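> Dropping the structure in here first, questions after.
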Amino acid sequence: MLPFTLQQLRILKAVATEKSFTKAAEILYMSQPSLSKQIKTLEKNLDILLINRENNKISLTENGKVFLQYSERILALCEESCRALIDLKNGDRGNLTVGASQTIGTYLMPRFLALFAQKYPQIDLKVQVNSTRLIAKNVLNREVDIAVVGGDVPNELRKKLQIEHFVEDELSLIVPKSHPFSKKKLIKKDDLYHLNFITLNSNSTIRKFIDNILKQNDIETKQLKIIMQLNSIEGIKTAVSLGLGAAFVSSSAIEKEIELNTIDIVKIENIKITRTLSILSNPECYKSKAFEFFSYELRKLKESSIN
């Protein structure tokens, strides 16, 4: 007989996430005394302390952190087995959790997801938008079925995931309509030193990627004039539209601004900054009908972008 129940694993996960017995009890629709009793029973059966309770602060012990990792995997497998059975019973019906990194989830995926939902109304979609690292980790943990990301997948995760090339995303140089460069079709590399740049912060994955490409093209990034660092692409686009400076932004993020004619794209001689978008999945996971439909539509989009 196992020393734990699935409900106790759900309780442990909720407590670890919420860092509060009260909040965990609320999201699980149970009383706090009942939740506390289940945790104590779990600790007693395992004969280890899972949760530190000091000065009204809740945290997992080292044993608790290790057990939580296995708990999450067990719960994910249970959900996966249920999806497999539902697939067999209902045919084309099912659930799908889709992941996306920040820029993709904000600008590229919404339209695709809307079209997918119209074509497959029988599939219940859930979407997670986060950093590439966290999305990749959730795919590995079976919390996300399939994902599209733009950043580099960490090596320790890359080895365990199935990674498929999706499309190339161009990072365009945008300037205000009032800027003299907006009348030019092409500028030289040295012209970059005469621009006032608005960027994401220096820790941003996209910022690091752009800097690396510029350095590879013999551009001294430290000599570029950065007048403002913002924490969102929306903020950067607004600042450029208002005439405050220039910026490198994903082409998928500026469709509205191009349509409204509030900015211009300027090409740089012999430089094109593109990054590869990738599709992530877990090779060990059961592939549901919903997964197959979503993968099929992604590949259709990929083929249309090539043609």
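Quick note on naming: the chains in the structure tokens go A, B, ... in the order shown, residues restart at 1 in each chain, and ligands are numbered from 1 in order of appearance.
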Quick one: DSSP strand (DSSP E) residues in segment 36-135 of chain A, as an MDAnalysis selection string?
chainID A and resid 51:54 57:60 94:101 123:130
> Given the selection you just returned, output its residues as a file containing N, CA, C and O atoms, formatted as a compact mmCIF listing (two decimals), in the first residue's frame.

# COMPACT_ATOMS: atom_id res chain seq x y z
N ILE A 51 7.47 20.04 5.35
CA ILE A 51 7.21 21.48 5.37
C ILE A 51 7.75 22.11 6.64
O ILE A 51 7.52 21.61 7.75
N ASN A 52 8.49 23.20 6.46
CA ASN A 52 8.93 24.00 7.60
C ASN A 52 7.82 24.97 7.99
O ASN A 52 7.25 25.64 7.12
N ARG A 53 7.54 25.07 9.28
CA ARG A 53 6.52 26.00 9.77
C ARG A 53 7.18 26.87 10.84
O ARG A 53 7.21 26.53 12.01
N GLU A 54 7.75 28.01 10.41
CA GLU A 54 8.46 28.89 11.33
C GLU A 54 7.95 30.32 11.20
O GLU A 54 7.92 30.88 10.10
N LYS A 57 5.64 31.33 8.56
CA LYS A 57 6.15 31.23 7.19
C LYS A 57 6.22 29.76 6.79
O LYS A 57 6.67 28.92 7.56
N ILE A 58 5.76 29.49 5.58
CA ILE A 58 5.71 28.12 5.07
C ILE A 58 6.77 27.94 3.99
O ILE A 58 6.88 28.74 3.06
N SER A 59 7.58 26.89 4.12
CA SER A 59 8.57 26.57 3.09
C SER A 59 8.81 25.06 3.11
O SER A 59 8.60 24.39 4.12
N LEU A 60 9.24 24.54 1.98
CA LEU A 60 9.52 23.11 1.89
C LEU A 60 10.92 22.81 2.43
O LEU A 60 11.85 23.57 2.24
N GLY A 94 -10.96 16.77 -26.74
CA GLY A 94 -9.83 16.68 -25.82
C GLY A 94 -9.38 18.03 -25.29
O GLY A 94 -9.94 19.08 -25.63
N ASN A 95 -8.36 17.99 -24.44
CA ASN A 95 -7.77 19.19 -23.84
C ASN A 95 -6.33 19.33 -24.33
O ASN A 95 -5.66 18.35 -24.63
N LEU A 96 -5.85 20.57 -24.38
CA LEU A 96 -4.48 20.82 -24.80
C LEU A 96 -3.96 22.06 -24.09
O LEU A 96 -4.61 23.11 -24.07
N THR A 97 -2.78 21.92 -23.48
CA THR A 97 -2.11 23.06 -22.86
C THR A 97 -0.96 23.49 -23.75
O THR A 97 -0.04 22.71 -24.02
N VAL A 98 -1.03 24.73 -24.23
CA VAL A 98 -0.04 25.27 -25.17
C VAL A 98 0.83 26.29 -24.44
O VAL A 98 0.33 27.12 -23.68
N GLY A 99 2.12 26.23 -24.68
CA GLY A 99 3.05 27.18 -24.08
C GLY A 99 3.67 28.09 -25.13
O GLY A 99 3.78 27.73 -26.30
N ALA A 100 4.08 29.27 -24.70
CA ALA A 100 4.75 30.21 -25.62
C ALA A 100 5.64 31.14 -24.81
O ALA A 100 5.31 31.51 -23.68
N SER A 101 6.77 31.50 -25.39
CA SER A 101 7.63 32.49 -24.74
C SER A 101 6.98 33.87 -24.91
O SER A 101 6.04 34.03 -25.68
N ILE A 123 -12.00 21.22 -28.90
CA ILE A 123 -10.78 21.10 -28.10
C ILE A 123 -10.70 22.26 -27.11
O ILE A 123 -10.82 23.43 -27.49
N ASP A 124 -10.50 21.92 -25.85
CA ASP A 124 -10.39 22.92 -24.79
C ASP A 124 -8.93 23.34 -24.67
O ASP A 124 -8.07 22.56 -24.27
N LEU A 125 -8.64 24.60 -25.03
CA LEU A 125 -7.26 25.12 -25.03
C LEU A 125 -6.94 25.87 -23.75
O LEU A 125 -7.73 26.66 -23.25
N LYS A 126 -5.75 25.61 -23.21
CA LYS A 126 -5.20 26.42 -22.13
C LYS A 126 -3.85 26.93 -22.61
O LYS A 126 -3.12 26.21 -23.29
N VAL A 127 -3.50 28.15 -22.23
CA VAL A 127 -2.26 28.77 -22.73
C VAL A 127 -1.40 29.26 -21.57
O VAL A 127 -1.91 29.90 -20.65
N GLN A 128 -0.13 28.95 -21.64
CA GLN A 128 0.86 29.46 -20.68
C GLN A 128 1.85 30.33 -21.43
O GLN A 128 2.41 29.91 -22.45
N VAL A 129 2.07 31.55 -20.94
CA VAL A 129 3.08 32.45 -21.53
C VAL A 129 4.10 32.77 -20.46
O VAL A 129 3.76 33.27 -19.39
N ASN A 130 5.37 32.46 -20.76
CA ASN A 130 6.42 32.69 -19.77
C ASN A 130 7.76 32.70 -20.49
O ASN A 130 7.82 32.68 -21.72
> What lies within 12 Å of Cys78 of chain A using only C-alpha atoms, ignoring chain neighbours under 3 positions off, as a list in words?
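My list of contacting residues is Leu6, Gln7, Leu9, Arg10, Ser71, Glu72, Arg73, Ile74, Leu75, Ser81, Cys82, Arg83, Ala84, Leu85, Arg142, Glu143, Cys285 and Tyr286 of chain A.
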> Just write the chosen residues, N, CA and C atoms, as a CSV table (one decimal), in the first residue's frame.

chain,number,residue,atom,x,y,z
A,6,LEU,N,-3.3,10.6,-4.1
A,6,LEU,CA,-3.2,11.6,-5.1
A,6,LEU,C,-3.6,13.0,-4.5
A,7,GLN,N,-4.7,12.9,-3.7
A,7,GLN,CA,-5.1,14.2,-3.0
A,7,GLN,C,-4.1,14.8,-2.2
A,9,LEU,N,-0.9,14.6,-2.6
A,9,LEU,CA,0.1,15.1,-3.5
A,9,LEU,C,-0.4,16.5,-4.1
A,10,ARG,N,-1.7,16.6,-4.4
A,10,ARG,CA,-2.2,17.8,-4.8
A,10,ARG,C,-2.1,18.9,-3.7
A,71,SER,N,6.1,14.3,-7.0
A,71,SER,CA,4.6,14.5,-6.9
A,71,SER,C,4.1,15.1,-8.2
A,72,GLU,N,4.8,16.1,-8.7
A,72,GLU,CA,4.3,16.8,-9.9
A,72,GLU,C,4.4,15.9,-11.1
A,73,ARG,N,5.4,15.0,-11.1
A,73,ARG,CA,5.4,14.0,-12.2
A,73,ARG,C,4.3,13.0,-12.2
A,74,ILE,N,4.0,12.6,-10.9
A,74,ILE,CA,3.0,11.6,-10.7
A,74,ILE,C,1.6,12.2,-11.1
A,75,LEU,N,1.4,13.4,-10.7
A,75,LEU,CA,0.1,14.1,-11.0
A,75,LEU,C,0.0,14.3,-12.5
A,81,SER,N,-2.8,10.2,-18.5
A,81,SER,CA,-3.5,8.9,-18.7
A,81,SER,C,-5.0,9.1,-18.9
A,82,CYS,N,-5.6,10.1,-18.1
A,82,CYS,CA,-7.0,10.5,-18.3
A,82,CYS,C,-7.2,11.0,-19.7
A,83,ARG,N,-6.3,11.9,-20.2
A,83,ARG,CA,-6.5,12.4,-21.5
A,83,ARG,C,-6.5,11.3,-22.6
A,84,ALA,N,-5.6,10.3,-22.4
A,84,ALA,CA,-5.5,9.2,-23.3
A,84,ALA,C,-6.8,8.5,-23.4
A,85,LEU,N,-7.4,8.2,-22.2
A,85,LEU,CA,-8.7,7.5,-22.2
A,85,LEU,C,-9.8,8.3,-22.7
A,142,ARG,N,5.6,17.8,-18.2
A,142,ARG,CA,4.2,17.4,-18.7
A,142,ARG,C,3.1,18.3,-18.3
A,143,GLU,N,3.5,19.5,-17.9
A,143,GLU,CA,2.5,20.6,-17.6
A,143,GLU,C,2.0,21.3,-18.8
A,285,CYS,N,5.9,11.8,-23.8
A,285,CYS,CA,4.5,12.0,-23.5
A,285,CYS,C,3.6,11.3,-24.6
A,286,TYR,N,2.4,11.0,-24.1
A,286,TYR,CA,1.3,10.5,-25.0
A,286,TYR,C,0.9,11.6,-25.9
> Just to confirm, what's the straight-line distance from atom CA of Arg207 of chain A to atom CA of Ile146 of chain A in Å (one decimal)?
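Spanning atom CA of Arg207 of chain A to atom CA of Ile146 of chain A is a straight-line distance of 25.5 Å.
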> For a quick check of understanding, using only C-alpha atoms, which of A:Ile219, A:Ile279, A:Ala253, A:Val149 has the smallest distance to Glu164 of chain A?
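Of all the options, A:Ile279 lies closest to Glu164 of chain A.
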> With only C-alpha atoms as the atoms that count, which of A:Ile187, A:Ala24, A:Ile265, A:Leu230 lies nearest to Asn203 of chain A?
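Between A:Ile187, A:Ala24, A:Ile265, A:Leu230, the residue approaching Asn203 of chain A most closely is A:Leu230.
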> Leaving out Ile233 of chain A and any residue of its chain fewer than 2 positions from it, which residues lie within 9 Å of it when counting only C-alpha atoms, given as a PyMOL selection string?
chain A and resi 103+199-200+230-231+235-238+249-250+253
> Can I get the selection written as a short mmCIF file (atom, residue, chain, number, x, y, z; two decimals), in the first residue's frame, with N, CA, C and O atoms?

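Final output, again00.cif:
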data_model
loop_
_atom_site.label_atom_id
_atom_site.label_comp_id
_atom_site.auth_asym_id
_atom_site.auth_seq_id
_atom_site.Cartn_x
_atom_site.Cartn_y
_atom_site.Cartn_z
N THR A 103 7.32 37.09 -26.21
CA THR A 103 6.98 37.82 -27.44
C THR A 103 6.02 37.02 -28.32
O THR A 103 5.05 37.55 -28.86
N THR A 199 15.75 50.31 -25.73
CA THR A 199 15.96 48.86 -25.68
C THR A 199 15.25 48.24 -24.48
O THR A 199 14.79 48.92 -23.57
N LEU A 200 15.22 46.91 -24.50
CA LEU A 200 14.87 46.16 -23.30
C LEU A 200 16.07 46.19 -22.36
O LEU A 200 17.17 46.59 -22.77
N LEU A 230 13.44 49.95 -21.34
CA LEU A 230 12.09 49.67 -20.87
C LEU A 230 11.91 48.17 -20.66
O LEU A 230 12.69 47.36 -21.16
N ASN A 231 10.88 47.80 -19.94
CA ASN A 231 10.68 46.37 -19.63
C ASN A 231 9.58 45.72 -20.47
O ASN A 231 9.16 44.61 -20.17
N GLY A 235 5.92 49.23 -24.60
CA GLY A 235 6.50 50.51 -24.19
C GLY A 235 7.51 51.02 -25.21
O GLY A 235 7.54 52.22 -25.53
N ILE A 236 8.31 50.10 -25.73
CA ILE A 236 9.32 50.48 -26.73
C ILE A 236 8.65 50.98 -28.00
O ILE A 236 9.03 52.02 -28.56
N LYS A 237 7.63 50.27 -28.48
CA LYS A 237 6.93 50.68 -29.70
C LYS A 237 6.29 52.05 -29.54
O LYS A 237 6.33 52.89 -30.45
N THR A 238 5.70 52.28 -28.37
CA THR A 238 5.06 53.58 -28.11
C THR A 238 6.11 54.70 -28.12
O THR A 238 5.89 55.77 -28.71
N VAL A 249 12.87 45.47 -32.99
CA VAL A 249 11.66 44.82 -32.49
C VAL A 249 11.27 43.69 -33.43
O VAL A 249 11.44 43.78 -34.65
N SER A 250 10.72 42.61 -32.87
CA SER A 250 10.26 41.48 -33.67
C SER A 250 9.23 41.94 -34.70
O SER A 250 8.33 42.72 -34.38
N ALA A 253 5.62 41.80 -33.89
CA ALA A 253 5.09 42.71 -32.88
C ALA A 253 4.70 44.07 -33.44
O ALA A 253 4.14 44.90 -32.72
#
> Can you tell me which residues surround Thr22 of chain A at a distance of at most 12 Å, considering only C-alpha atoms, apart from same-chain residues fewer than 4 positions away, and format the answer as a short mmCIF file (atom, residue, chain, number, x, y, z; two decimals) with all heavy atoms, in the first residue's frame?

data_model
loop_
_atom_site.label_atom_id
_atom_site.label_comp_id
_atom_site.auth_asym_id
_atom_site.auth_seq_id
_atom_site.Cartn_x
_atom_site.Cartn_y
_atom_site.Cartn_z
N ILE A 11 -2.38 18.47 -2.52
CA ILE A 11 -2.31 19.39 -1.38
C ILE A 11 -0.88 19.91 -1.22
O ILE A 11 -0.66 21.12 -1.04
CB ILE A 11 -2.78 18.70 -0.09
CG1 ILE A 11 -4.30 18.48 -0.15
CG2 ILE A 11 -2.41 19.52 1.14
CD1 ILE A 11 -4.84 17.60 0.97
N ALA A 14 -0.11 22.43 -3.89
CA ALA A 14 -0.82 23.70 -3.65
C ALA A 14 -0.13 24.50 -2.54
O ALA A 14 0.03 25.72 -2.64
CB ALA A 14 -2.27 23.43 -3.29
N VAL A 15 0.26 23.83 -1.47
CA VAL A 15 0.95 24.51 -0.36
C VAL A 15 2.28 25.08 -0.83
O VAL A 15 2.65 26.22 -0.49
CB VAL A 15 1.16 23.54 0.82
CG1 VAL A 15 2.06 24.17 1.88
CG2 VAL A 15 -0.18 23.16 1.45
N GLU A 18 1.39 28.17 -3.15
CA GLU A 18 0.78 29.31 -2.48
C GLU A 18 1.57 29.78 -1.26
O GLU A 18 1.38 30.91 -0.80
CB GLU A 18 -0.65 28.97 -2.05
CG GLU A 18 -1.57 28.56 -3.19
CD GLU A 18 -1.77 29.67 -4.20
OE1 GLU A 18 -1.73 30.86 -3.79
OE2 GLU A 18 -1.93 29.36 -5.40
N GLU A 26 -8.16 27.12 0.11
CA GLU A 26 -9.17 27.83 -0.67
C GLU A 26 -9.21 27.33 -2.11
O GLU A 26 -10.29 27.08 -2.66
CB GLU A 26 -8.88 29.34 -0.65
CG GLU A 26 -9.20 30.00 0.68
CD GLU A 26 -8.82 31.47 0.68
OE1 GLU A 26 -8.28 31.96 -0.35
OE2 GLU A 26 -9.04 32.14 1.72
N ILE A 27 -8.03 27.18 -2.74
CA ILE A 27 -8.03 26.79 -4.15
C ILE A 27 -8.40 25.32 -4.33
O ILE A 27 -8.82 24.91 -5.41
CB ILE A 27 -6.67 27.07 -4.83
CG1 ILE A 27 -5.56 26.21 -4.22
CG2 ILE A 27 -6.32 28.54 -4.77
CD1 ILE A 27 -4.25 26.31 -4.98
N LEU A 28 -8.28 24.53 -3.25
CA LEU A 28 -8.66 23.12 -3.31
C LEU A 28 -10.07 22.88 -2.75
O LEU A 28 -10.53 21.74 -2.67
CB LEU A 28 -7.65 22.26 -2.53
CG LEU A 28 -6.24 22.18 -3.12
CD1 LEU A 28 -5.31 21.44 -2.18
CD2 LEU A 28 -6.26 21.50 -4.49
N TYR A 29 -10.75 23.98 -2.36
CA TYR A 29 -12.13 23.92 -1.85
C TYR A 29 -12.24 22.96 -0.66
O TYR A 29 -13.11 22.08 -0.62
CB TYR A 29 -13.11 23.51 -2.95
CG TYR A 29 -13.10 24.44 -4.13
CD1 TYR A 29 -12.42 24.10 -5.30
CD2 TYR A 29 -13.74 25.67 -4.08
CE1 TYR A 29 -12.40 24.96 -6.39
CE2 TYR A 29 -13.73 26.54 -5.16
CZ TYR A 29 -13.06 26.19 -6.31
OH TYR A 29 -13.04 27.04 -7.38
N MET A 30 -11.34 23.13 0.31
CA MET A 30 -11.39 22.33 1.53
C MET A 30 -11.06 23.22 2.72
O MET A 30 -10.55 24.33 2.56
CB MET A 30 -10.43 21.14 1.44
CG MET A 30 -8.97 21.50 1.25
SD MET A 30 -7.91 20.05 0.85
CE MET A 30 -8.21 18.98 2.24
N SER A 31 -11.36 22.74 3.91
CA SER A 31 -11.08 23.54 5.10
C SER A 31 -9.59 23.44 5.45
O SER A 31 -8.92 22.45 5.12
CB SER A 31 -11.91 23.04 6.28
OG SER A 31 -11.48 21.74 6.67
N GLN A 32 -9.08 24.48 6.11
CA GLN A 32 -7.67 24.48 6.49
C GLN A 32 -7.34 23.35 7.47
O GLN A 32 -6.31 22.69 7.32
CB GLN A 32 -7.26 25.83 7.08
CG GLN A 32 -5.76 25.89 7.37
CD GLN A 32 -5.33 27.23 7.92
OE1 GLN A 32 -5.90 28.26 7.58
NE2 GLN A 32 -4.30 27.23 8.77
N PRO A 33 -8.19 23.10 8.49
CA PRO A 33 -7.89 22.00 9.40
C PRO A 33 -7.78 20.65 8.68
O PRO A 33 -6.90 19.84 8.99
CB PRO A 33 -9.08 22.01 10.37
CG PRO A 33 -9.54 23.41 10.37
CD PRO A 33 -9.36 23.88 8.96
N SER A 34 -8.66 20.44 7.71
CA SER A 34 -8.63 19.20 6.94
C SER A 34 -7.34 19.10 6.13
O SER A 34 -6.72 18.03 6.05
CB SER A 34 -9.83 19.12 6.01
OG SER A 34 -9.79 17.95 5.22
N LEU A 35 -6.93 20.23 5.52
CA LEU A 35 -5.69 20.26 4.74
C LEU A 35 -4.48 19.98 5.63
O LEU A 35 -3.61 19.17 5.29
CB LEU A 35 -5.54 21.61 4.04
CG LEU A 35 -4.31 21.79 3.14
CD1 LEU A 35 -4.67 22.59 1.89
CD2 LEU A 35 -3.19 22.50 3.89
N SER A 36 -4.44 20.64 6.80
CA SER A 36 -3.33 20.44 7.74
C SER A 36 -3.24 18.98 8.19
O SER A 36 -2.15 18.42 8.32
CB SER A 36 -3.49 21.37 8.95
OG SER A 36 -3.49 22.71 8.56
N ASN A 56 5.07 31.66 11.22
CA ASN A 56 3.96 31.79 10.26
C ASN A 56 4.41 31.79 8.80
O ASN A 56 3.67 32.21 7.92
CB ASN A 56 3.16 33.08 10.54
CG ASN A 56 2.44 33.02 11.88
OD1 ASN A 56 1.96 31.94 12.29
ND2 ASN A 56 2.39 34.14 12.58
N LYS A 57 5.64 31.33 8.56
CA LYS A 57 6.15 31.23 7.19
C LYS A 57 6.22 29.76 6.79
O LYS A 57 6.67 28.92 7.56
CB LYS A 57 7.53 31.89 7.07
CG LYS A 57 7.50 33.40 7.20
CD LYS A 57 8.88 34.00 6.96
CE LYS A 57 8.84 35.52 7.05
NZ LYS A 57 10.19 36.11 6.83
N ILE A 58 5.76 29.49 5.58
CA ILE A 58 5.71 28.12 5.07
C ILE A 58 6.77 27.94 3.99
O ILE A 58 6.88 28.74 3.06
CB ILE A 58 4.33 27.80 4.47
CG1 ILE A 58 3.22 27.97 5.52
CG2 ILE A 58 4.30 26.39 3.88
CD1 ILE A 58 3.33 27.02 6.69
#
